[in-house]
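Below is one structure; the comments refer to it alone.
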Amino acid sequence: MTYFCNASFLYIDPGTGSMLFSILIGAASMLYFLSKAALLRLKVFFSGRKNGVVHDASYKPYVIYSEGTQYWNVFKPVCDAFERRQLPLSFLTSSEDDPVFGQNYTYVKPEFIGTGNAAFARLNMLSAGFVLMTTPGLQVYQLKRSKNVRHYAHIVHMPNDVTTYRLFGLDFFDSVLLSGDFQGLDIRALEELRAIPRKELVTVGCTYLDVLATRIGAIPQEEDHPFTVLVSPSWGTSGLLARYGEKLLDPLAATGWRIIIRPHPQSRKSEADMLERLQKRYGGNSSVVWDFERENISSMKKADIMISDFSGIVFDFSFLCDKPVMYVKAGIDWLPYDAYDLHKPLWQFQTLEKMGIELQDSQFSSIKQVIENASDSPELAAARRAAKAEAWMHIGESGERTADYMIETVARLDAGAQENQEEKTA
């Protein structure tokens, strides 16, 4: 009896055991990178300084950090620019299968640094001249500024409002690289409102749209093309699928048209039950196609019209395909976002009202007639062109412009440090 009680006491169920194992692995990873950081500090102490800044054995002049494979198109033009110039670029990624590993670069050096706390521990101890990332929230959450990084830059990966980041998302960067000049106006307004230092704002264009524009143009047109509606919403309780689901999809599925449903990638993580329910409901309808591919260009190329909500994909579709979009308004609680502090209409919603066609839920039951009557007027086409010119500047030049700014910034910092050193020794 005593043995039975002791054995029961020592038993750990598989779920708890898996969780404890994950915690131990995470803790071990953190200790590994923290020990490397301690060794780095010793090297810095004994090696001294060069030109007034730390140049230890691990110092890298140019660094990119990528959270995952979904950001490869954002960084590819920058990597290509450094490779062409034969300049070393360190590419740190949290994806073991990041496409960068298959590029066969000579000067771009990729490295997997783990995920979660392991990655943050490594990043928080970096020694670098210039760090470029899409990750917001620097100095707000786990991602902290390293004392040995001279410049942090955020590159915008959407051609719409940057105030749709969570609160303080961009506040602690040294610079923000924009896709269009208009994005800088709200950043300046937030800086003044919060009494924080002004960042350098540089409009470089939109790297991922430059990549997709080339790739979508290479996709051949379908020979027997059926009329196609692409449903591509955002995720969450205000998203189109979560909010309306069958109410929208039932009448669409009944049209006989090809209906491509492309949920937001986050939906597969946060709304799996909802997606499973909808997939089962339309499993027997061959005209309803689900798209879970990493990239959306194939579906966008096939679509004749898009139905969405507040998702930024409406701008990708409009700018790349120059086709009409329909949108359903959704109430969004902006309290957790930077936009809330400005108390002003967002550019993306004002623009969508000009270039898009509003779809009300009362029209869902007659969706076929609504879409057939939705004309792509000259006014809508002109509004799409105007929005594209405003939000996607320097088309095809983003990679080179970003590389230029990175190189010029490090050179400027080196020159300033050299001047300071000379003044001290004079």
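Note on naming: chains are A, B, ... as they come in the structure tokens, residues start from 1 per chain, ligands start from 1 in the order shown.
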Problem - Close residues, Ala189 in chain A itself excluded, 10 Å, only C-alpha atoms, min 6 positions apart in chain, as a list in words - result: Ala195, Asp341 and Leu342 of chain A
Please produce a file of those selected residues containing N, CA, C and O atoms, as a PDB file, in the first residue's frame.
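Result written to selection07.pdb:
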ATOM      1  N   ALA A 195       5.789  63.245 -26.078  1.00  0.00           N
ATOM      2  CA  ALA A 195       7.022  63.947 -25.710  1.00  0.00           C
ATOM      3  C   ALA A 195       8.224  62.998 -25.732  1.00  0.00           C
ATOM      4  O   ALA A 195       9.020  62.935 -24.786  1.00  0.00           O
ATOM      5  N   ASP A 341      -4.815  56.839 -29.493  1.00  0.00           N
ATOM      6  CA  ASP A 341      -4.322  58.074 -28.899  1.00  0.00           C
ATOM      7  C   ASP A 341      -4.459  59.281 -29.823  1.00  0.00           C
ATOM      8  O   ASP A 341      -4.410  60.423 -29.361  1.00  0.00           O
ATOM      9  N   LEU A 342      -4.614  59.050 -31.112  1.00  0.00           N
ATOM     10  CA  LEU A 342      -4.670  60.166 -32.059  1.00  0.00           C
ATOM     11  C   LEU A 342      -6.086  60.696 -32.272  1.00  0.00           C
ATOM     12  O   LEU A 342      -6.266  61.820 -32.726  1.00  0.00           O
TER      13      LEU A 342
END
Between range 111-205 of chain A and range 95-104 of chain A, at 8 Å or less, what are the per-residue closest atom pairs and their distances in Å? Count only C-alpha atoms, order by chain and rising residue number, and return it as CSV.
residue,atom,partner,partner_atom,distance
A:Phe112,CA,A:Glu96,CA,5.9
A:Gly114,CA,A:Ser95,CA,7.4
A:Thr115,CA,A:Ser95,CA,7.6
Based on the selection just made, write C-alpha atoms of those residues as a PDB file, in the first residue's frame.
ATOM      1  CA  PHE A 112      18.841  30.239 -36.601  1.00  0.00           C
ATOM      2  CA  GLY A 114      15.771  29.847 -31.633  1.00  0.00           C
ATOM      3  CA  THR A 115      12.308  31.061 -30.762  1.00  0.00           C
TER       4      THR A 115
END
Exercise for the section: Extract the full set of alpha helix (DSSP H) residues from range 216-310 of chain A according to DSSP on the backbone, and format it as number ranges by chain. Expected result: A: 216-217, 240-243, 246-253, 267-270, 272-281, 297-302
Could you please take those selected residues and save C-alpha atoms as an mmCIF file, in the first residue's frame?
data_model
loop_
_atom_site.group_PDB
_atom_site.id
_atom_site.type_symbol
_atom_site.label_atom_id
_atom_site.label_comp_id
_atom_site.auth_asym_id
_atom_site.auth_seq_id
_atom_site.Cartn_x
_atom_site.Cartn_y
_atom_site.Cartn_z
ATOM 1 C CA ILE A 216 2.459 37.582 -59.664
ATOM 2 C CA GLY A 217 3.305 38.931 -63.093
ATOM 3 C CA LEU A 240 -15.537 38.658 -41.511
ATOM 4 C CA LEU A 241 -15.557 34.872 -40.998
ATOM 5 C CA ALA A 242 -15.899 34.980 -37.221
ATOM 6 C CA ARG A 243 -18.587 37.642 -37.328
ATOM 7 C CA GLU A 246 -22.358 30.917 -42.830
ATOM 8 C CA LYS A 247 -24.484 34.028 -43.269
ATOM 9 C CA LEU A 248 -22.049 35.221 -45.937
ATOM 10 C CA LEU A 249 -20.652 31.942 -47.224
ATOM 11 C CA ASP A 250 -23.964 30.100 -47.778
ATOM 12 C CA PRO A 251 -25.243 32.532 -50.434
ATOM 13 C CA LEU A 252 -21.770 32.775 -51.980
ATOM 14 C CA ALA A 253 -21.509 28.986 -52.245
ATOM 15 C CA SER A 267 -7.069 32.143 -37.689
ATOM 16 C CA ARG A 268 -5.553 28.655 -37.892
ATOM 17 C CA LYS A 269 -4.058 29.239 -34.444
ATOM 18 C CA SER A 270 -6.739 31.294 -32.728
ATOM 19 C CA ALA A 272 -9.318 26.598 -35.427
ATOM 20 C CA ASP A 273 -12.739 25.420 -34.245
ATOM 21 C CA MET A 274 -14.532 28.000 -36.366
ATOM 22 C CA LEU A 275 -12.525 27.073 -39.473
ATOM 23 C CA GLU A 276 -13.117 23.360 -38.925
ATOM 24 C CA ARG A 277 -16.868 23.963 -38.674
ATOM 25 C CA LEU A 278 -16.946 25.948 -41.915
ATOM 26 C CA GLN A 279 -14.736 23.507 -43.806
ATOM 27 C CA LYS A 280 -17.045 20.631 -42.877
ATOM 28 C CA ARG A 281 -20.099 22.632 -43.915
ATOM 29 C CA ILE A 297 -0.524 35.649 -54.926
ATOM 30 C CA SER A 298 -1.991 32.573 -56.642
ATOM 31 C CA SER A 299 -5.454 33.247 -55.222
ATOM 32 C CA MET A 300 -5.204 36.965 -55.923
ATOM 33 C CA LYS A 301 -4.232 36.259 -59.536
ATOM 34 C CA LYS A 302 -7.309 34.029 -59.992
#
Exercise for the section: Select from range 176-406 of chain A everything DSSP, run on the backbone, classes as strand (DSSP E or B), then give the selection as a list in words. Expected result: Val176, Leu177, Leu178, Glu200, Leu201, Val202, Thr203, Thr228, Val229, Leu230, Val231, Arg258, Ile259, Ile260, Ile261, Val288, Val289, Trp290, Ile305, Met306, Ile307, Ser308, Val325, Met326, Tyr327, Tyr337, Ile357 and Glu358 of chain A
Write out, as a JSON list (two decimals), in the first residue's frame, the residues just selected, with N, CA, C and O atoms.
[["chain", "number", "residue", "atom", "x", "y", "z"],
["A", 176, "VAL", "N", 12.32, 54.58, -38.58],
["A", 176, "VAL", "CA", 11.26, 53.75, -39.17],
["A", 176, "VAL", "C", 11.33, 53.94, -40.68],
["A", 176, "VAL", "O", 11.35, 55.08, -41.17],
["A", 177, "LEU", "N", 11.38, 52.84, -41.40],
["A", 177, "LEU", "CA", 11.43, 52.86, -42.86],
["A", 177, "LEU", "C", 10.02, 52.66, -43.40],
["A", 177, "LEU", "O", 9.40, 51.63, -43.13],
["A", 178, "LEU", "N", 9.53, 53.63, -44.13],
["A", 178, "LEU", "CA", 8.13, 53.71, -44.52],
["A", 178, "LEU", "C", 7.91, 53.25, -45.95],
["A", 178, "LEU", "O", 8.80, 53.33, -46.80],
["A", 200, "GLU", "N", 14.24, 59.05, -37.00],
["A", 200, "GLU", "CA", 14.51, 59.29, -38.41],
["A", 200, "GLU", "C", 13.45, 58.54, -39.22],
["A", 200, "GLU", "O", 13.23, 57.35, -38.99],
["A", 201, "LEU", "N", 12.79, 59.21, -40.11],
["A", 201, "LEU", "CA", 11.77, 58.61, -40.96],
["A", 201, "LEU", "C", 12.25, 58.65, -42.40],
["A", 201, "LEU", "O", 12.53, 59.72, -42.94],
["A", 202, "VAL", "N", 12.34, 57.48, -43.01],
["A", 202, "VAL", "CA", 12.86, 57.37, -44.37],
["A", 202, "VAL", "C", 11.87, 56.57, -45.20],
["A", 202, "VAL", "O", 11.54, 55.43, -44.84],
["A", 203, "THR", "N", 11.39, 57.13, -46.27],
["A", 203, "THR", "CA", 10.46, 56.42, -47.16],
["A", 203, "THR", "C", 11.27, 55.63, -48.18],
["A", 203, "THR", "O", 11.94, 56.21, -49.04],
["A", 228, "THR", "N", -14.44, 34.26, -60.28],
["A", 228, "THR", "CA", -13.91, 33.88, -58.97],
["A", 228, "THR", "C", -14.02, 35.01, -57.97],
["A", 228, "THR", "O", -13.64, 36.15, -58.25],
["A", 229, "VAL", "N", -14.54, 34.67, -56.80],
["A", 229, "VAL", "CA", -14.62, 35.60, -55.67],
["A", 229, "VAL", "C", -13.63, 35.15, -54.61],
["A", 229, "VAL", "O", -13.66, 33.99, -54.19],
["A", 230, "LEU", "N", -12.77, 36.05, -54.20],
["A", 230, "LEU", "CA", -11.80, 35.75, -53.13],
["A", 230, "LEU", "C", -12.29, 36.37, -51.83],
["A", 230, "LEU", "O", -12.45, 37.59, -51.73],
["A", 231, "VAL", "N", -12.53, 35.53, -50.83],
["A", 231, "VAL", "CA", -12.91, 36.00, -49.50],
["A", 231, "VAL", "C", -11.66, 35.93, -48.64],
["A", 231, "VAL", "O", -11.15, 34.85, -48.34],
["A", 258, "ARG", "N", -16.68, 30.11, -58.55],
["A", 258, "ARG", "CA", -15.59, 29.61, -57.72],
["A", 258, "ARG", "C", -15.38, 30.59, -56.55],
["A", 258, "ARG", "O", -15.18, 31.79, -56.76],
["A", 259, "ILE", "N", -15.45, 30.07, -55.37],
["A", 259, "ILE", "CA", -15.28, 30.88, -54.16],
["A", 259, "ILE", "C", -14.00, 30.41, -53.46],
["A", 259, "ILE", "O", -13.92, 29.28, -52.99],
["A", 260, "ILE", "N", -13.00, 31.27, -53.42],
["A", 260, "ILE", "CA", -11.75, 30.95, -52.72],
["A", 260, "ILE", "C", -11.80, 31.63, -51.35],
["A", 260, "ILE", "O", -11.96, 32.85, -51.26],
["A", 261, "ILE", "N", -11.68, 30.83, -50.31],
["A", 261, "ILE", "CA", -11.67, 31.38, -48.95],
["A", 261, "ILE", "C", -10.26, 31.27, -48.41],
["A", 261, "ILE", "O", -9.70, 30.17, -48.29],
["A", 288, "VAL", "N", -16.16, 25.59, -53.76],
["A", 288, "VAL", "CA", -15.61, 26.30, -52.60],
["A", 288, "VAL", "C", -14.21, 25.76, -52.34],
["A", 288, "VAL", "O", -14.02, 24.58, -52.05],
["A", 289, "VAL", "N", -13.22, 26.63, -52.46],
["A", 289, "VAL", "CA", -11.81, 26.25, -52.32],
["A", 289, "VAL", "C", -11.22, 26.97, -51.11],
["A", 289, "VAL", "O", -11.41, 28.18, -50.94],
["A", 290, "TRP", "N", -10.48, 26.24, -50.29],
["A", 290, "TRP", "CA", -9.81, 26.83, -49.13],
["A", 290, "TRP", "C", -8.33, 27.00, -49.45],
["A", 290, "TRP", "O", -7.68, 26.08, -49.94],
["A", 305, "ILE", "N", -12.78, 39.54, -58.03],
["A", 305, "ILE", "CA", -13.19, 40.52, -57.03],
["A", 305, "ILE", "C", -12.85, 39.96, -55.65],
["A", 305, "ILE", "O", -12.84, 38.74, -55.47],
["A", 306, "MET", "N", -12.57, 40.83, -54.72],
["A", 306, "MET", "CA", -12.26, 40.41, -53.35],
["A", 306, "MET", "C", -13.31, 40.94, -52.40],
["A", 306, "MET", "O", -13.81, 42.05, -52.54],
["A", 307, "ILE", "N", -13.65, 40.10, -51.40],
["A", 307, "ILE", "CA", -14.49, 40.53, -50.29],
["A", 307, "ILE", "C", -13.64, 40.43, -49.03],
["A", 307, "ILE", "O", -13.07, 39.38, -48.73],
["A", 308, "SER", "N", -13.55, 41.53, -48.29],
["A", 308, "SER", "CA", -12.73, 41.53, -47.09],
["A", 308, "SER", "C", -13.37, 42.43, -46.03],
["A", 308, "SER", "O", -14.56, 42.79, -46.13],
["A", 325, "VAL", "N", -12.58, 45.77, -54.99],
["A", 325, "VAL", "CA", -12.73, 45.14, -53.68],
["A", 325, "VAL", "C", -14.05, 45.55, -53.06],
["A", 325, "VAL", "O", -14.53, 46.67, -53.24],
["A", 326, "MET", "N", -14.65, 44.61, -52.32],
["A", 326, "MET", "CA", -15.83, 44.89, -51.52],
["A", 326, "MET", "C", -15.44, 44.70, -50.07],
["A", 326, "MET", "O", -14.66, 43.79, -49.74],
["A", 327, "TYR", "N", -15.96, 45.53, -49.20],
["A", 327, "TYR", "CA", -15.58, 45.44, -47.80],
["A", 327, "TYR", "C", -16.81, 45.56, -46.90],
["A", 327, "TYR", "O", -17.78, 46.22, -47.25],
["A", 337, "TYR", "N", -4.36, 50.04, -29.25],
["A", 337, "TYR", "CA", -3.52, 50.38, -30.39],
["A", 337, "TYR", "C", -3.10, 51.85, -30.36],
["A", 337, "TYR", "O", -3.76, 52.69, -29.75],
["A", 357, "ILE", "N", -16.06, 49.06, -52.49],
["A", 357, "ILE", "CA", -17.52, 49.02, -52.54],
["A", 357, "ILE", "C", -18.00, 48.43, -51.22],
["A", 357, "ILE", "O", -17.69, 47.28, -50.90],
["A", 358, "GLU", "N", -18.74, 49.19, -50.45],
["A", 358, "GLU", "CA", -19.21, 48.70, -49.16],
["A", 358, "GLU", "C", -20.29, 47.63, -49.35],
["A", 358, "GLU", "O", -21.21, 47.79, -50.16]]
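CA of Ile196 in chain A lies 19.9 Å from CA of Phe182 in chain A.
For the pair CA of Leu380 in chain A and CA of Pro159 in chain A, the interatomic distance is 18.3 Å.
CA of Arg262 in chain A is found 21.3 Å from CA of Ala218 in chain A.
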